[in-house]
Structures are given as C-alpha cells and as structure tokens.
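K.L.:
data36.cif is reproduced in full below (mmCIF, N, CA and C atoms).
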data_work
#
loop_
_atom_site.group_PDB
_atom_site.id
_atom_site.type_symbol
_atom_site.label_atom_id
_atom_site.label_comp_id
_atom_site.auth_asym_id
_atom_site.auth_seq_id
_atom_site.Cartn_x
_atom_site.Cartn_y
_atom_site.Cartn_z
ATOM 1 N N MET A 1 8.941 -19.403 -13.796
ATOM 2 C CA MET A 1 8.169 -19.726 -12.605
ATOM 3 C C MET A 1 7.761 -18.404 -11.927
ATOM 4 N N PRO A 2 6.470 -18.233 -11.626
ATOM 5 C CA PRO A 2 6.028 -17.003 -10.966
ATOM 6 C C PRO A 2 6.624 -16.876 -9.563
ATOM 7 N N TRP A 3 6.878 -15.634 -9.142
ATOM 8 C CA TRP A 3 7.470 -15.411 -7.814
ATOM 9 C C TRP A 3 6.583 -15.911 -6.696
ATOM 10 N N THR A 4 5.267 -16.044 -6.955
ATOM 11 C CA THR A 4 4.356 -16.538 -5.918
ATOM 12 C C THR A 4 4.459 -18.043 -5.732
ATOM 13 N N SER A 5 5.226 -18.710 -6.568
ATOM 14 C CA SER A 5 5.375 -20.165 -6.479
ATOM 15 C C SER A 5 6.806 -20.592 -6.197
ATOM 16 N N ILE A 6 7.650 -19.696 -5.720
ATOM 17 C CA ILE A 6 9.058 -20.042 -5.573
ATOM 18 C C ILE A 6 9.355 -20.890 -4.343
ATOM 19 N N TYR A 7 8.448 -20.937 -3.398
ATOM 20 C CA TYR A 7 8.670 -21.744 -2.202
ATOM 21 C C TYR A 7 7.820 -23.002 -2.282
ATOM 22 N N ARG A 8 8.460 -24.109 -2.165
ATOM 23 C CA ARG A 8 7.759 -25.384 -2.251
ATOM 24 C C ARG A 8 6.834 -25.581 -1.055
ATOM 25 N N ASN A 9 5.751 -26.266 -1.309
ATOM 26 C CA ASN A 9 4.785 -26.667 -0.286
ATOM 27 C C ASN A 9 4.104 -25.496 0.407
ATOM 28 N N LEU A 10 4.144 -24.319 -0.188
ATOM 29 C CA LEU A 10 3.395 -23.182 0.347
ATOM 30 C C LEU A 10 2.242 -22.876 -0.590
ATOM 31 N N PRO A 11 1.102 -22.452 -0.025
ATOM 32 C CA PRO A 11 -0.042 -22.138 -0.880
ATOM 33 C C PRO A 11 0.226 -20.885 -1.712
ATOM 34 N N ARG A 12 -0.527 -20.751 -2.792
ATOM 35 C CA ARG A 12 -0.413 -19.585 -3.664
ATOM 36 C C ARG A 12 -0.787 -18.322 -2.871
ATOM 37 N N ALA A 13 -0.026 -17.258 -3.081
ATOM 38 C CA ALA A 13 -0.260 -15.991 -2.392
ATOM 39 C C ALA A 13 -1.445 -15.246 -2.999
ATOM 40 N N ASP A 14 -2.046 -14.368 -2.226
ATOM 41 C CA ASP A 14 -3.180 -13.564 -2.692
ATOM 42 C C ASP A 14 -2.656 -12.356 -3.466
ATOM 43 N N CYS A 15 -2.322 -12.594 -4.719
ATOM 44 C CA CYS A 15 -1.736 -11.557 -5.567
ATOM 45 C C CYS A 15 -2.703 -10.424 -5.840
ATOM 46 N N ALA A 16 -3.990 -10.711 -5.930
ATOM 47 C CA ALA A 16 -4.982 -9.654 -6.156
ATOM 48 C C ALA A 16 -5.019 -8.692 -4.971
ATOM 49 N N ALA A 17 -4.974 -9.234 -3.766
ATOM 50 C CA ALA A 17 -4.977 -8.382 -2.576
ATOM 51 C C ALA A 17 -3.681 -7.585 -2.486
ATOM 52 N N LEU A 18 -2.570 -8.179 -2.865
ATOM 53 C CA LEU A 18 -1.300 -7.468 -2.881
ATOM 54 C C LEU A 18 -1.357 -6.303 -3.868
ATOM 55 N N ALA A 19 -1.872 -6.555 -5.050
ATOM 56 C CA ALA A 19 -1.997 -5.492 -6.057
ATOM 57 C C ALA A 19 -2.904 -4.374 -5.554
ATOM 58 N N ASN A 20 -3.997 -4.731 -4.899
ATOM 59 C CA ASN A 20 -4.903 -3.714 -4.357
ATOM 60 C C ASN A 20 -4.231 -2.884 -3.267
ATOM 61 N N ALA A 21 -3.424 -3.501 -2.431
ATOM 62 C CA ALA A 21 -2.716 -2.771 -1.374
ATOM 63 C C ALA A 21 -1.697 -1.809 -1.973
ATOM 64 N N ILE A 22 -0.984 -2.256 -2.993
ATOM 65 C CA ILE A 22 -0.010 -1.393 -3.662
ATOM 66 C C ILE A 22 -0.730 -0.219 -4.326
ATOM 67 N N ARG A 23 -1.847 -0.497 -4.972
ATOM 68 C CA ARG A 23 -2.631 0.560 -5.618
ATOM 69 C C ARG A 23 -3.125 1.566 -4.584
ATOM 70 N N ALA A 24 -3.650 1.078 -3.468
ATOM 71 C CA ALA A 24 -4.177 1.966 -2.430
ATOM 72 C C ALA A 24 -3.076 2.866 -1.870
ATOM 73 N N LEU A 25 -1.915 2.305 -1.632
ATOM 74 C CA LEU A 25 -0.803 3.110 -1.127
ATOM 75 C C LEU A 25 -0.364 4.142 -2.163
ATOM 76 N N SER A 26 -0.347 3.755 -3.413
ATOM 77 C CA SER A 26 0.090 4.677 -4.462
ATOM 78 C C SER A 26 -0.893 5.831 -4.666
ATOM 79 N N LEU A 27 -2.148 5.646 -4.286
ATOM 80 C CA LEU A 27 -3.133 6.724 -4.419
ATOM 81 C C LEU A 27 -2.805 7.922 -3.534
ATOM 82 N N LEU A 28 -1.951 7.730 -2.533
ATOM 83 C CA LEU A 28 -1.524 8.859 -1.703
ATOM 84 C C LEU A 28 -0.855 9.937 -2.550
ATOM 85 N N ALA A 29 -0.248 9.544 -3.651
ATOM 86 C CA ALA A 29 0.418 10.500 -4.530
ATOM 87 C C ALA A 29 -0.576 11.427 -5.221
ATOM 88 N N LEU A 30 -1.841 11.037 -5.242
ATOM 89 C CA LEU A 30 -2.851 11.832 -5.930
ATOM 90 C C LEU A 30 -3.652 12.743 -5.003
ATOM 91 N N LEU A 31 -3.298 12.772 -3.732
ATOM 92 C CA LEU A 31 -4.038 13.620 -2.797
ATOM 93 C C LEU A 31 -3.975 15.075 -3.218
ATOM 94 N N ASP A 32 -5.131 15.707 -3.300
ATOM 95 C CA ASP A 32 -5.183 17.125 -3.647
ATOM 96 C C ASP A 32 -4.895 18.006 -2.442
ATOM 97 N N ALA A 33 -5.306 17.573 -1.288
ATOM 98 C CA ALA A 33 -5.252 18.421 -0.099
ATOM 99 C C ALA A 33 -3.845 18.577 0.465
ATOM 100 N N ARG A 34 -3.041 17.513 0.424
ATOM 101 C CA ARG A 34 -1.720 17.553 1.057
ATOM 102 C C ARG A 34 -0.726 16.724 0.264
ATOM 103 N N SER A 35 0.529 17.101 0.373
ATOM 104 C CA SER A 35 1.600 16.323 -0.259
ATOM 105 C C SER A 35 2.165 15.338 0.754
ATOM 106 N N VAL A 36 2.423 14.151 0.290
ATOM 107 C CA VAL A 36 3.005 13.108 1.131
ATOM 108 C C VAL A 36 4.510 13.090 0.877
ATOM 109 N N SER A 37 5.299 13.179 1.940
ATOM 110 C CA SER A 37 6.743 13.113 1.769
ATOM 111 C C SER A 37 7.271 11.701 1.980
ATOM 112 N N ASP A 38 6.543 10.880 2.722
ATOM 113 C CA ASP A 38 6.969 9.518 3.020
ATOM 114 C C ASP A 38 5.744 8.640 3.248
ATOM 115 N N ALA A 39 5.807 7.410 2.781
ATOM 116 C CA ALA A 39 4.747 6.438 3.049
ATOM 117 C C ALA A 39 5.365 5.047 3.025
ATOM 118 N N GLU A 40 5.017 4.246 4.005
ATOM 119 C CA GLU A 40 5.558 2.891 4.047
ATOM 120 C C GLU A 40 4.619 1.948 4.788
ATOM 121 N N ILE A 41 4.718 0.692 4.421
ATOM 122 C CA ILE A 41 4.067 -0.402 5.142
ATOM 123 C C ILE A 41 5.164 -1.425 5.401
ATOM 124 N N ASN A 42 5.322 -1.814 6.656
ATOM 125 C CA ASN A 42 6.401 -2.750 6.978
ATOM 126 C C ASN A 42 6.077 -3.502 8.257
ATOM 127 N N PRO A 43 5.883 -4.787 8.168
ATOM 128 C CA PRO A 43 5.800 -5.585 6.957
ATOM 129 C C PRO A 43 4.368 -5.618 6.424
ATOM 130 N N LEU A 44 4.254 -6.007 5.188
ATOM 131 C CA LEU A 44 2.968 -6.301 4.576
ATOM 132 C C LEU A 44 2.930 -7.808 4.386
ATOM 133 N N ILE A 45 2.064 -8.458 5.115
ATOM 134 C CA ILE A 45 1.977 -9.923 5.059
ATOM 135 C C ILE A 45 0.946 -10.315 4.002
ATOM 136 N N VAL A 46 1.395 -11.077 3.022
ATOM 137 C CA VAL A 46 0.507 -11.566 1.966
ATOM 138 C C VAL A 46 0.066 -12.958 2.372
ATOM 139 N N LYS A 47 -1.236 -13.113 2.546
ATOM 140 C CA LYS A 47 -1.784 -14.394 2.993
ATOM 141 C C LYS A 47 -2.117 -15.283 1.795
ATOM 142 N N GLU A 48 -2.707 -16.416 2.080
ATOM 143 C CA GLU A 48 -3.109 -17.348 1.020
ATOM 144 C C GLU A 48 -4.112 -16.694 0.083
ATOM 145 N N GLU A 49 -4.150 -17.201 -1.137
ATOM 146 C CA GLU A 49 -5.081 -16.696 -2.134
ATOM 147 C C GLU A 49 -6.497 -16.642 -1.552
ATOM 148 N N GLY A 50 -7.122 -15.483 -1.679
ATOM 149 C CA GLY A 50 -8.473 -15.293 -1.160
ATOM 150 C C GLY A 50 -8.521 -14.829 0.284
ATOM 151 N N GLN A 51 -7.368 -14.770 0.952
ATOM 152 C CA GLN A 51 -7.329 -14.402 2.374
ATOM 153 C C GLN A 51 -6.847 -12.974 2.615
ATOM 154 N N GLY A 52 -6.378 -12.291 1.590
ATOM 155 C CA GLY A 52 -6.002 -10.889 1.724
ATOM 156 C C GLY A 52 -4.566 -10.660 2.170
ATOM 157 N N VAL A 53 -4.340 -9.425 2.611
ATOM 158 C CA VAL A 53 -3.032 -9.004 3.120
ATOM 159 C C VAL A 53 -3.245 -8.335 4.468
ATOM 160 N N VAL A 54 -2.175 -8.261 5.245
ATOM 161 C CA VAL A 54 -2.229 -7.590 6.551
ATOM 162 C C VAL A 54 -1.066 -6.608 6.613
ATOM 163 N N ALA A 55 -1.399 -5.335 6.815
ATOM 164 C CA ALA A 55 -0.371 -4.324 7.041
ATOM 165 C C ALA A 55 -0.125 -4.277 8.545
ATOM 166 N N VAL A 56 1.013 -4.782 8.975
ATOM 167 C CA VAL A 56 1.326 -4.856 10.399
ATOM 168 C C VAL A 56 1.615 -3.468 10.950
ATOM 169 N N ASP A 57 2.342 -2.668 10.188
ATOM 170 C CA ASP A 57 2.666 -1.315 10.606
ATOM 171 C C ASP A 57 2.708 -0.436 9.376
ATOM 172 N N GLY A 58 2.230 0.780 9.510
ATOM 173 C CA GLY A 58 2.253 1.708 8.396
ATOM 174 C C GLY A 58 2.516 3.118 8.877
ATOM 175 N N LEU A 59 3.058 3.922 7.990
ATOM 176 C CA LEU A 59 3.374 5.304 8.333
ATOM 177 C C LEU A 59 3.171 6.180 7.110
ATOM 178 N N VAL A 60 2.506 7.317 7.309
ATOM 179 C CA VAL A 60 2.371 8.334 6.272
ATOM 180 C C VAL A 60 2.819 9.647 6.884
ATOM 181 N N VAL A 61 3.785 10.295 6.232
ATOM 182 C CA VAL A 61 4.285 11.591 6.691
ATOM 183 C C VAL A 61 3.918 12.621 5.633
ATOM 184 N N PHE A 62 3.205 13.648 6.054
ATOM 185 C CA PHE A 62 2.819 14.708 5.132
ATOM 186 C C PHE A 62 3.903 15.772 5.081
ATOM 187 N N ALA A 63 4.110 16.312 3.898
ATOM 188 C CA ALA A 63 5.122 17.344 3.709
ATOM 189 C C ALA A 63 4.657 18.640 4.354
ATOM 190 N N GLU A 64 5.611 19.366 4.887
ATOM 191 C CA GLU A 64 5.318 20.696 5.396
ATOM 192 C C GLU A 64 5.454 21.652 4.220
ATOM 193 N N GLU A 65 4.409 22.418 3.987
ATOM 194 C CA GLU A 65 4.399 23.314 2.837
ATOM 195 C C GLU A 65 4.226 24.753 3.300
ATOM 196 N N ASP A 66 4.872 25.652 2.601
ATOM 197 C CA ASP A 66 4.700 27.074 2.896
ATOM 198 C C ASP A 66 3.309 27.547 2.515
ATOM 199 N N ASN A 67 2.790 26.995 1.431
ATOM 200 C CA ASN A 67 1.467 27.380 0.938
ATOM 201 C C ASN A 67 0.585 26.149 0.845
ATOM 202 N N PRO A 68 -0.008 25.735 1.973
ATOM 203 C CA PRO A 68 -0.843 24.520 1.918
ATOM 204 C C PRO A 68 -1.998 24.702 0.940
ATOM 205 N N ARG A 69 -2.255 23.640 0.205
ATOM 206 C CA ARG A 69 -3.372 23.677 -0.742
ATOM 207 C C ARG A 69 -4.693 23.609 0.006
ATOM 208 N N GLU A 70 -5.711 24.169 -0.593
ATOM 209 C CA GLU A 70 -7.044 24.158 0.005
ATOM 210 C C GLU A 70 -7.508 22.711 0.126
ATOM 211 N N VAL A 71 -8.075 22.370 1.261
ATOM 212 C CA VAL A 71 -8.560 21.013 1.478
ATOM 213 C C VAL A 71 -9.837 20.824 0.666
ATOM 214 N N ALA A 72 -9.839 19.836 -0.188
ATOM 215 C CA ALA A 72 -11.006 19.549 -1.032
ATOM 216 C C ALA A 72 -11.529 18.173 -0.686
ATOM 217 N N THR A 73 -12.829 18.074 -0.522
ATOM 218 C CA THR A 73 -13.465 16.793 -0.238
ATOM 219 C C THR A 73 -14.110 16.284 -1.505
ATOM 220 N N LYS A 74 -13.755 15.071 -1.872
ATOM 221 C CA LYS A 74 -14.342 14.458 -3.073
ATOM 222 C C LYS A 74 -15.267 13.339 -2.657
ATOM 223 N N HIS A 75 -16.378 13.255 -3.313
ATOM 224 C CA HIS A 75 -17.343 12.183 -3.035
ATOM 225 C C HIS A 75 -17.636 11.420 -4.301
#
Show the structure stored in the file as structure tokens.
P.N.:
Amino acid sequence: MPWTSIYRNLPRADCAALANAIRALSLLALLDARSVSDAEINPLIVKEEGQGVVAVDGLVVFAEEDNPREVATKH
C-alpha cells in the first residue's frame, strides 16, 4: 500500500508537488556562489492531488567561508 493511501477517507496527496519541493530544496546543494550549511522546511503541508504543497516555515543558513566563491549569475 502506498504511503499516500495509509489514512482512510483522506484524498490522495499531491506527490508530484511534494517531489518538486524536495527537488527545489535539494538544488541548494548546487549553488555556485555560496555553501549552505543548513536548510529546512517545517512543516511542509502536502495538499490534495493537484493542489500543491505549502511551506509554512523555512530556513536557509549559508556557511561562513574564509574564501567566498565569486558570485556567478546563471540565466
């Protein structure tokens, strides 16, 4: 049984939106300009299928570096 169906009488969760939110948060690891030391979303509310997710609170902490990398803008 999929984890999105473990609660009876609840609609299916928006798994695509959840996956997109996880992917977006994980992209912080690829930042060229700065290193991230901490990142969190709490709570992340997953709504009904097709309704998306809501990040109620989020935090990103950038690492302090002795030699900051040059800020690069990508388009």
K.L.:
Which residues fall under the PyMOL selection byres (((chain A and resi 22 and name CA) around 12) and name CA) in this file, as an NGL selection string?
P.N.:
:A and (15-21 or 23-29 or 39-41 or 44 or 46 or 53 or 55)
K.L.:
Could you tell me how far CA of Val61 in chain A sits from CA of Lys47 in chain A, in Å to one decimal place?
P.N.:
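For CA of Lys47 in chain A relative to CA of Val61 in chain A, the distance reads 26.9 Å.
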K.L.:
Kindly give the distance, in Å, that separates CA of Ala13 in chain A and atom C of Leu59 in chain A, rounded to a single decimal.
P.N.:
24.4 Å
K.L.:
From the options A:Ile45, A:Leu30, A:Gly50, A:Ala63, which residue's atoms come nearest to Asp14 in chain A, counting only N, CA and C atoms?
P.N.:
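When distances to Asp14 in chain A are compared using only N, CA and C atoms, the smallest one comes from A:Gly50.
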K.L.:
Quick check, in Å to one decimal: how far apart do atom N of Ser35 in chain A and atom C of Gly58 in chain A lie?
P.N.:
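Atom C of Gly58 in chain A lies at a distance of 16.5 Å from atom N of Ser35 in chain A.
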K.L.:
For Pro11 in chain A, which of A:Asp57, A:Asp32, A:Glu49, A:Asp38 is the closest residue, counting only N, CA and C atoms?
P.N.:
A:Glu49
K.L.:
Name the residues of range 5-57 of chain A that come out as strand (DSSP E or B) in a backbone DSSP run; write them as a PyMOL selection string.
P.N.:
chain A and resi 13+36-41+44-46+48+53-55
K.L.:
Write a file of the selected residues as an mmCIF file, in the frame of the given file, keeping N, CA and C atoms.
P.N.:
data_model
loop_
_atom_site.group_PDB
_atom_site.id
_atom_site.type_symbol
_atom_site.label_atom_id
_atom_site.label_comp_id
_atom_site.auth_asym_id
_atom_site.auth_seq_id
_atom_site.Cartn_x
_atom_site.Cartn_y
_atom_site.Cartn_z
ATOM 1 N N ALA A 13 -0.026 -17.258 -3.081
ATOM 2 C CA ALA A 13 -0.260 -15.991 -2.392
ATOM 3 C C ALA A 13 -1.445 -15.246 -2.999
ATOM 4 N N VAL A 36 2.423 14.151 0.290
ATOM 5 C CA VAL A 36 3.005 13.108 1.131
ATOM 6 C C VAL A 36 4.510 13.090 0.877
ATOM 7 N N SER A 37 5.299 13.179 1.940
ATOM 8 C CA SER A 37 6.743 13.113 1.769
ATOM 9 C C SER A 37 7.271 11.701 1.980
ATOM 10 N N ASP A 38 6.543 10.880 2.722
ATOM 11 C CA ASP A 38 6.969 9.518 3.020
ATOM 12 C C ASP A 38 5.744 8.640 3.248
ATOM 13 N N ALA A 39 5.807 7.410 2.781
ATOM 14 C CA ALA A 39 4.747 6.438 3.049
ATOM 15 C C ALA A 39 5.365 5.047 3.025
ATOM 16 N N GLU A 40 5.017 4.246 4.005
ATOM 17 C CA GLU A 40 5.558 2.891 4.047
ATOM 18 C C GLU A 40 4.619 1.948 4.788
ATOM 19 N N ILE A 41 4.718 0.692 4.421
ATOM 20 C CA ILE A 41 4.067 -0.402 5.142
ATOM 21 C C ILE A 41 5.164 -1.425 5.401
ATOM 22 N N LEU A 44 4.254 -6.007 5.188
ATOM 23 C CA LEU A 44 2.968 -6.301 4.576
ATOM 24 C C LEU A 44 2.930 -7.808 4.386
ATOM 25 N N ILE A 45 2.064 -8.458 5.115
ATOM 26 C CA ILE A 45 1.977 -9.923 5.059
ATOM 27 C C ILE A 45 0.946 -10.315 4.002
ATOM 28 N N VAL A 46 1.395 -11.077 3.022
ATOM 29 C CA VAL A 46 0.507 -11.566 1.966
ATOM 30 C C VAL A 46 0.066 -12.958 2.372
ATOM 31 N N GLU A 48 -2.707 -16.416 2.080
ATOM 32 C CA GLU A 48 -3.109 -17.348 1.020
ATOM 33 C C GLU A 48 -4.112 -16.694 0.083
ATOM 34 N N VAL A 53 -4.340 -9.425 2.611
ATOM 35 C CA VAL A 53 -3.032 -9.004 3.120
ATOM 36 C C VAL A 53 -3.245 -8.335 4.468
ATOM 37 N N VAL A 54 -2.175 -8.261 5.245
ATOM 38 C CA VAL A 54 -2.229 -7.590 6.551
ATOM 39 C C VAL A 54 -1.066 -6.608 6.613
ATOM 40 N N ALA A 55 -1.399 -5.335 6.815
ATOM 41 C CA ALA A 55 -0.371 -4.324 7.041
ATOM 42 C C ALA A 55 -0.125 -4.277 8.545
#
K.L.:
Could you give me the centre and size, in Å to one decimal, of an axis-aligned box around all listed atoms of range 15-34 of chain A with 6 Å added on every side, as AutoDock Vina command-line options?
P.N.:
--center_x -2.4 --center_y 3.0 --center_z -2.5 --size_x 17.7 --size_y 43.2 --size_z 19.2
K.L.:
Could you tell me which of A:Glu48, A:Val56, A:Glu64, A:Arg8 comes closest to Val36 in chain A if we count only C-alpha atoms?
P.N.:
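The shortest atom-to-atom distance to Val36 in chain A comes from A:Glu64.
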